[in-house]
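To start, the structure itself, in structure tokens.
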Amino acid sequence: MPPEPASPAGRSEPAGNAAPAGAGAKIRIPVLSDEACARLVSRRDAFEAVEAVFAAAAAGAARNFSVVREAIGHGDALYGFKSGFDRSRLVLGVKSGGYWPGNSDRGLARHQSTVFLFDADTGQLKAVVAGNRLTAIRTGAASAVSIARLARKDARVLGIVGAGHQAPFQLRAAAEQRNFERVVAWSPHRRTLPELAKVAQEAGLPFEAVGAEEIAARADVIVTITSSFAPLLKADWIRPGTHLACMGTDTRGKQEVEPALLAAAAVFTDEVGQSVTIGEAQHAVAEGLIAEQAIVPIGAVIGGAHPGRSSDEEITLFDGTGVGLQDLAVADIALRRSARPTTLRNGVAFVEL
Ligand code: NAD
């Protein structure tokens, strides 16, 4: 059977399904790879999209649905969904995926995910977008937004705790938010620190591998991005005026800082419901050290309803749990930018990207 004629994908031909999907209708669904997403969505795009969707959520125009995350009882894998709807931009969808620890032995990333975008008017599938690269970009964007909004303007030393897959994305995005002069970093496993040093050099910043306590003593902004299940940073190490973006804790039981630090800080988050259940604040709330009501959605700062940092001495802490709306916002950009032809063969779409 000869290939059917090519048709444009993305917004130029609205929604992946060009024709109403009645009986026998042709389905045209763009499928975007990680490589395509890397080309189509810049750090600036992700920053603006994540900032906008945080603000929309705080204003009640967008919302995240409950997260599902389950141990599937096979290969030690965790699998789940993050979903939501941004009514202000009509972006609806779900990110599905999780964590497969055995993937390293196969030469694959341990975190695997895919975003499915749907037409908000009809429920029809619009696009399938690889989520691995986008997750890293949107997670870097979230901590970057927190730094832009909450860190002291005169912050000069950037601290990174963790040197895994996400850390370079965090470093690059954070480095753009202030006039940093140096990066200090520590990781429980030191093997990958040299790779992080290269990323700092590319960003034009001198890099020093130091101990955890020294990061606290020297950094004005600290990003934590580890899979830790116990505090790595002690509360009394942290100096007044520090901004922390705690990005690693996204599951019940994970923890990167002492709960007392949250009691000493002004705490902000992407999503309060996630912060107190799967985020860094879960421990401080469970121990009665802070109240859920005291945690401020960063969207309220972006939208002007909350002033953010109150003084140069205040410690600010952003609990970045990772929300579905972030994934959908960046996947939507990738879809809108991907105006490459889709070829249909026997109802299956092929996209050259
Ligand atoms: P990775 O496996 O590539 O790297 C893990 C990092 O954590 C390394 O620096 C490692 O040394 C450290 N680490 C591993 N086990 C540890 C332990 N038991 N105690 C202390 N440190 C430990 O992981 P990654 O892809 O870089 O992700 C890091 C973390 O960020 C994970 O917890 C992941 O789930 C989380 N994450 C959060 C978001 C978000 O939106 N908040 C998005 C993506 C990933």
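By order in the structure tokens, chains are A, B, ...; within a chain, residues start at 1; ligands start at 1, following the order shown.
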Please build the interface table for chain A against ligand 1 with a cut-off of 9 Å, listing for each qualifying residue the nearest atom pair and the distance in Å to one decimal; count only C-alpha atoms and all ligand atoms, order rows by chain and increasing number, and write it as JSON lines.
```
{"residue": "A:Gly98", "atom": "CA", "partner": "ligand 1", "partner_atom_place_in_ligand_line": "34 (O)", "distance": 8.7}
{"residue": "A:Tyr99", "atom": "CA", "partner": "ligand 1", "partner_atom_place_in_ligand_line": "34 (O)", "distance": 7.9}
{"residue": "A:Pro101", "atom": "CA", "partner": "ligand 1", "partner_atom_place_in_ligand_line": "2 (O)", "distance": 8.3}
{"residue": "A:Ala109", "atom": "CA", "partner": "ligand 1", "partner_atom_place_in_ligand_line": "25 (O)", "distance": 8.1}
{"residue": "A:Arg110", "atom": "CA", "partner": "ligand 1", "partner_atom_place_in_ligand_line": "2 (O)", "distance": 7.1}
{"residue": "A:His111", "atom": "CA", "partner": "ligand 1", "partner_atom_place_in_ligand_line": "25 (O)", "distance": 6.5}
{"residue": "A:Thr135", "atom": "CA", "partner": "ligand 1", "partner_atom_place_in_ligand_line": "42 (C)", "distance": 6.1}
{"residue": "A:Ala136", "atom": "CA", "partner": "ligand 1", "partner_atom_place_in_ligand_line": "43 (C)", "distance": 6.2}
{"residue": "A:Arg138", "atom": "CA", "partner": "ligand 1", "partner_atom_place_in_ligand_line": "40 (O)", "distance": 7.5}
{"residue": "A:Thr139", "atom": "CA", "partner": "ligand 1", "partner_atom_place_in_ligand_line": "40 (O)", "distance": 4.7}
{"residue": "A:Gly140", "atom": "CA", "partner": "ligand 1", "partner_atom_place_in_ligand_line": "40 (O)", "distance": 8.2}
{"residue": "A:Ala142", "atom": "CA", "partner": "ligand 1", "partner_atom_place_in_ligand_line": "40 (O)", "distance": 7.6}
{"residue": "A:Ser143", "atom": "CA", "partner": "ligand 1", "partner_atom_place_in_ligand_line": "41 (N)", "distance": 8.7}
{"residue": "A:Val161", "atom": "CA", "partner": "ligand 1", "partner_atom_place_in_ligand_line": "9 (O)", "distance": 7.1}
{"residue": "A:Gly162", "atom": "CA", "partner": "ligand 1", "partner_atom_place_in_ligand_line": "9 (O)", "distance": 3.5}
{"residue": "A:Ala163", "atom": "CA", "partner": "ligand 1", "partner_atom_place_in_ligand_line": "9 (O)", "distance": 3.8}
{"residue": "A:Gly164", "atom": "CA", "partner": "ligand 1", "partner_atom_place_in_ligand_line": "4 (O)", "distance": 3.3}
{"residue": "A:His165", "atom": "CA", "partner": "ligand 1", "partner_atom_place_in_ligand_line": "3 (O)", "distance": 3.7}
{"residue": "A:Gln166", "atom": "CA", "partner": "ligand 1", "partner_atom_place_in_ligand_line": "26 (O)", "distance": 3.8}
{"residue": "A:Ala167", "atom": "CA", "partner": "ligand 1", "partner_atom_place_in_ligand_line": "26 (O)", "distance": 5.6}
{"residue": "A:Pro168", "atom": "CA", "partner": "ligand 1", "partner_atom_place_in_ligand_line": "26 (O)", "distance": 8.6}
{"residue": "A:Trp186", "atom": "CA", "partner": "ligand 1", "partner_atom_place_in_ligand_line": "9 (O)", "distance": 8.2}
{"residue": "A:Ser187", "atom": "CA", "partner": "ligand 1", "partner_atom_place_in_ligand_line": "9 (O)", "distance": 5.0}
{"residue": "A:Pro188", "atom": "CA", "partner": "ligand 1", "partner_atom_place_in_ligand_line": "11 (O)", "distance": 4.4}
{"residue": "A:His189", "atom": "CA", "partner": "ligand 1", "partner_atom_place_in_ligand_line": "11 (O)", "distance": 3.9}
{"residue": "A:Arg190", "atom": "CA", "partner": "ligand 1", "partner_atom_place_in_ligand_line": "11 (O)", "distance": 6.9}
{"residue": "A:Arg191", "atom": "CA", "partner": "ligand 1", "partner_atom_place_in_ligand_line": "11 (O)", "distance": 8.4}
{"residue": "A:Thr192", "atom": "CA", "partner": "ligand 1", "partner_atom_place_in_ligand_line": "9 (O)", "distance": 7.7}
{"residue": "A:Leu193", "atom": "CA", "partner": "ligand 1", "partner_atom_place_in_ligand_line": "9 (O)", "distance": 8.4}
{"residue": "A:Thr224", "atom": "CA", "partner": "ligand 1", "partner_atom_place_in_ligand_line": "30 (O)", "distance": 8.3}
{"residue": "A:Ile225", "atom": "CA", "partner": "ligand 1", "partner_atom_place_in_ligand_line": "28 (C)", "distance": 4.9}
{"residue": "A:Thr226", "atom": "CA", "partner": "ligand 1", "partner_atom_place_in_ligand_line": "7 (O)", "distance": 3.2}
{"residue": "A:Ser227", "atom": "CA", "partner": "ligand 1", "partner_atom_place_in_ligand_line": "32 (O)", "distance": 3.4}
{"residue": "A:Ser228", "atom": "CA", "partner": "ligand 1", "partner_atom_place_in_ligand_line": "19 (N)", "distance": 3.5}
{"residue": "A:Phe229", "atom": "CA", "partner": "ligand 1", "partner_atom_place_in_ligand_line": "18 (N)", "distance": 5.8}
{"residue": "A:Ala230", "atom": "CA", "partner": "ligand 1", "partner_atom_place_in_ligand_line": "19 (N)", "distance": 6.6}
{"residue": "A:Pro231", "atom": "CA", "partner": "ligand 1", "partner_atom_place_in_ligand_line": "20 (C)", "distance": 8.2}
{"residue": "A:Leu232", "atom": "CA", "partner": "ligand 1", "partner_atom_place_in_ligand_line": "20 (C)", "distance": 7.0}
{"residue": "A:Cys246", "atom": "CA", "partner": "ligand 1", "partner_atom_place_in_ligand_line": "41 (N)", "distance": 7.7}
{"residue": "A:Met247", "atom": "CA", "partner": "ligand 1", "partner_atom_place_in_ligand_line": "41 (N)", "distance": 4.3}
{"residue": "A:Gly248", "atom": "CA", "partner": "ligand 1", "partner_atom_place_in_ligand_line": "30 (O)", "distance": 3.5}
{"residue": "A:Thr249", "atom": "CA", "partner": "ligand 1", "partner_atom_place_in_ligand_line": "32 (O)", "distance": 5.5}
{"residue": "A:Asp250", "atom": "CA", "partner": "ligand 1", "partner_atom_place_in_ligand_line": "41 (N)", "distance": 5.5}
{"residue": "A:Thr251", "atom": "CA", "partner": "ligand 1", "partner_atom_place_in_ligand_line": "34 (O)", "distance": 7.2}
{"residue": "A:Lys254", "atom": "CA", "partner": "ligand 1", "partner_atom_place_in_ligand_line": "32 (O)", "distance": 7.3}
{"residue": "A:Gln255", "atom": "CA", "partner": "ligand 1", "partner_atom_place_in_ligand_line": "20 (C)", "distance": 8.7}
{"residue": "A:Glu256", "atom": "CA", "partner": "ligand 1", "partner_atom_place_in_ligand_line": "20 (C)", "distance": 7.7}
{"residue": "A:Gly279", "atom": "CA", "partner": "ligand 1", "partner_atom_place_in_ligand_line": "41 (N)", "distance": 8.1}
{"residue": "A:Asp319", "atom": "CA", "partner": "ligand 1", "partner_atom_place_in_ligand_line": "41 (N)", "distance": 8.0}
{"residue": "A:Gly320", "atom": "CA", "partner": "ligand 1", "partner_atom_place_in_ligand_line": "41 (N)", "distance": 4.8}
{"residue": "A:Thr321", "atom": "CA", "partner": "ligand 1", "partner_atom_place_in_ligand_line": "41 (N)", "distance": 4.0}
{"residue": "A:Gly322", "atom": "CA", "partner": "ligand 1", "partner_atom_place_in_ligand_line": "40 (O)", "distance": 3.1}
{"residue": "A:Val323", "atom": "CA", "partner": "ligand 1", "partner_atom_place_in_ligand_line": "40 (O)", "distance": 6.6}
{"residue": "A:Gln326", "atom": "CA", "partner": "ligand 1", "partner_atom_place_in_ligand_line": "40 (O)", "distance": 8.6}
```
Please write the residues from the selection above to a file, keeping C-alpha atoms, as an mmCIF file, in the first residue's frame.
```cif
data_model
loop_
_atom_site.group_PDB
_atom_site.id
_atom_site.type_symbol
_atom_site.label_atom_id
_atom_site.label_comp_id
_atom_site.auth_asym_id
_atom_site.auth_seq_id
_atom_site.Cartn_x
_atom_site.Cartn_y
_atom_site.Cartn_z
ATOM 1 C CA GLY A 98 8.704 6.338 36.482
ATOM 2 C CA TYR A 99 11.989 4.900 37.659
ATOM 3 C CA PRO A 101 16.857 1.224 38.554
ATOM 4 C CA ALA A 109 18.248 6.526 31.672
ATOM 5 C CA ARG A 110 16.746 5.259 34.935
ATOM 6 C CA HIS A 111 13.888 7.777 34.756
ATOM 7 C CA THR A 135 11.549 16.514 32.599
ATOM 8 C CA ALA A 136 15.134 17.661 33.029
ATOM 9 C CA ARG A 138 11.265 21.757 33.245
ATOM 10 C CA THR A 139 12.863 20.731 36.573
ATOM 11 C CA GLY A 140 15.791 23.050 35.909
ATOM 12 C CA ALA A 142 11.400 25.304 38.330
ATOM 13 C CA SER A 143 14.424 25.856 40.539
ATOM 14 C CA VAL A 161 24.253 19.071 46.125
ATOM 15 C CA GLY A 162 24.083 16.003 43.886
ATOM 16 C CA ALA A 163 25.803 15.110 40.632
ATOM 17 C CA GLY A 164 23.445 12.705 38.901
ATOM 18 C CA HIS A 165 21.500 12.991 35.659
ATOM 19 C CA GLN A 166 19.525 16.102 36.660
ATOM 20 C CA ALA A 167 22.384 18.076 38.194
ATOM 21 C CA PRO A 168 23.835 19.579 34.963
ATOM 22 C CA TRP A 186 29.131 18.060 46.706
ATOM 23 C CA SER A 187 27.668 14.676 45.942
ATOM 24 C CA PRO A 188 27.341 11.570 48.100
ATOM 25 C CA HIS A 189 28.833 9.714 45.137
ATOM 26 C CA ARG A 190 31.784 11.724 43.829
ATOM 27 C CA ARG A 191 32.417 9.858 40.563
ATOM 28 C CA THR A 192 30.273 12.182 38.418
ATOM 29 C CA LEU A 193 31.463 15.478 39.940
ATOM 30 C CA THR A 224 19.738 19.952 46.161
ATOM 31 C CA ILE A 225 19.082 17.286 43.544
ATOM 32 C CA THR A 226 19.710 13.836 45.030
ATOM 33 C CA SER A 227 17.771 10.623 45.656
ATOM 34 C CA SER A 228 18.494 10.831 49.364
ATOM 35 C CA PHE A 229 16.259 9.306 52.040
ATOM 36 C CA ALA A 230 18.017 11.095 54.936
ATOM 37 C CA PRO A 231 18.992 14.734 55.559
ATOM 38 C CA LEU A 232 22.196 15.778 53.797
ATOM 39 C CA CYS A 246 15.217 21.398 47.241
ATOM 40 C CA MET A 247 14.465 19.488 44.048
ATOM 41 C CA GLY A 248 15.312 15.844 44.766
ATOM 42 C CA THR A 249 12.463 14.909 47.100
ATOM 43 C CA ASP A 250 9.536 13.844 44.939
ATOM 44 C CA THR A 251 8.409 10.658 46.703
ATOM 45 C CA LYS A 254 12.846 10.937 50.377
ATOM 46 C CA GLN A 255 14.597 13.760 52.257
ATOM 47 C CA GLU A 256 17.482 16.144 51.589
ATOM 48 C CA GLY A 279 7.945 16.822 48.865
ATOM 49 C CA ASP A 319 10.228 22.702 47.757
ATOM 50 C CA GLY A 320 10.184 21.658 44.103
ATOM 51 C CA THR A 321 8.171 18.468 43.920
ATOM 52 C CA GLY A 322 7.638 18.409 40.149
ATOM 53 C CA VAL A 323 4.083 18.892 38.879
ATOM 54 C CA GLN A 326 5.167 21.785 34.155
#
```
Go through range 91-337 of chain A and collect every residue that DSSP, computed from the backbone, puts in helix (DSSP H, G or I); the answer should be as a PyMOL selection string.
-> chain A and resi 101-106+132-150+167-175+190-202+212-218+235-237+259-264+272-275+281-286+292-294+298-302+324-337
Write out as a PyMOL selection string all residues of range 83-206 of chain A that backbone DSSP assigns to strand (DSSP E or B).
-> chain A and resi 83-86+91-99+111-118+125-130+157-161+182-186
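The space separating CA of Arg218 in chain A from CA of Val267 in chain A comes to 21.1 Å.
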Residues at most 7 Å from Pro240 in chain A, counting only C-alpha atoms, excluding those fewer than 2 positions away in the same chain, as number ranges by chain?
-> A: 238, 242, 313-315
So which residues touch Val94 in chain A within 12 Å, counting only C-alpha atoms, skipping near sequence neighbours fewer than 6 positions away, as a VMD selection string?
-> chain A and resid 64 to 68 80 to 86 113 to 119 125 to 131 323 to 329 331 to 332
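The smallest atom-to-atom distance between Asp45 in chain A and any of A:Pro194, A:Leu134, A:Ile298, A:Trp100, using only C-alpha atoms, is found for A:Leu134.
Atom to atom, CA of Arg44 in chain A and CA of Ala334 in chain A stand 13.2 Å apart.
Atom pair CA of Ile29 in chain A / CA of Asn132 in chain A has a distance of 19.2 Å (rounded to one decimal).
Among the candidates A:Arg87, A:Arg43, A:His243, A:Lys153, the one nearest to Phe318 in chain A when counting only C-alpha atoms is A:His243.
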Distance query Glu208 in chain A at most 8 Å, only C-alpha atoms, self and fewer than 5 positions along chain excluded, as an NGL selection string | :A and (182-185 or 197)
Could you name the residues that touch Pro259 in chain A at 8 Å or less, counting only C-alpha atoms, but leaving out those on the same chain fewer than 4 positions away, as an MDAnalysis selection string?
-> chainID A and resid 235 263 281 283:284 289
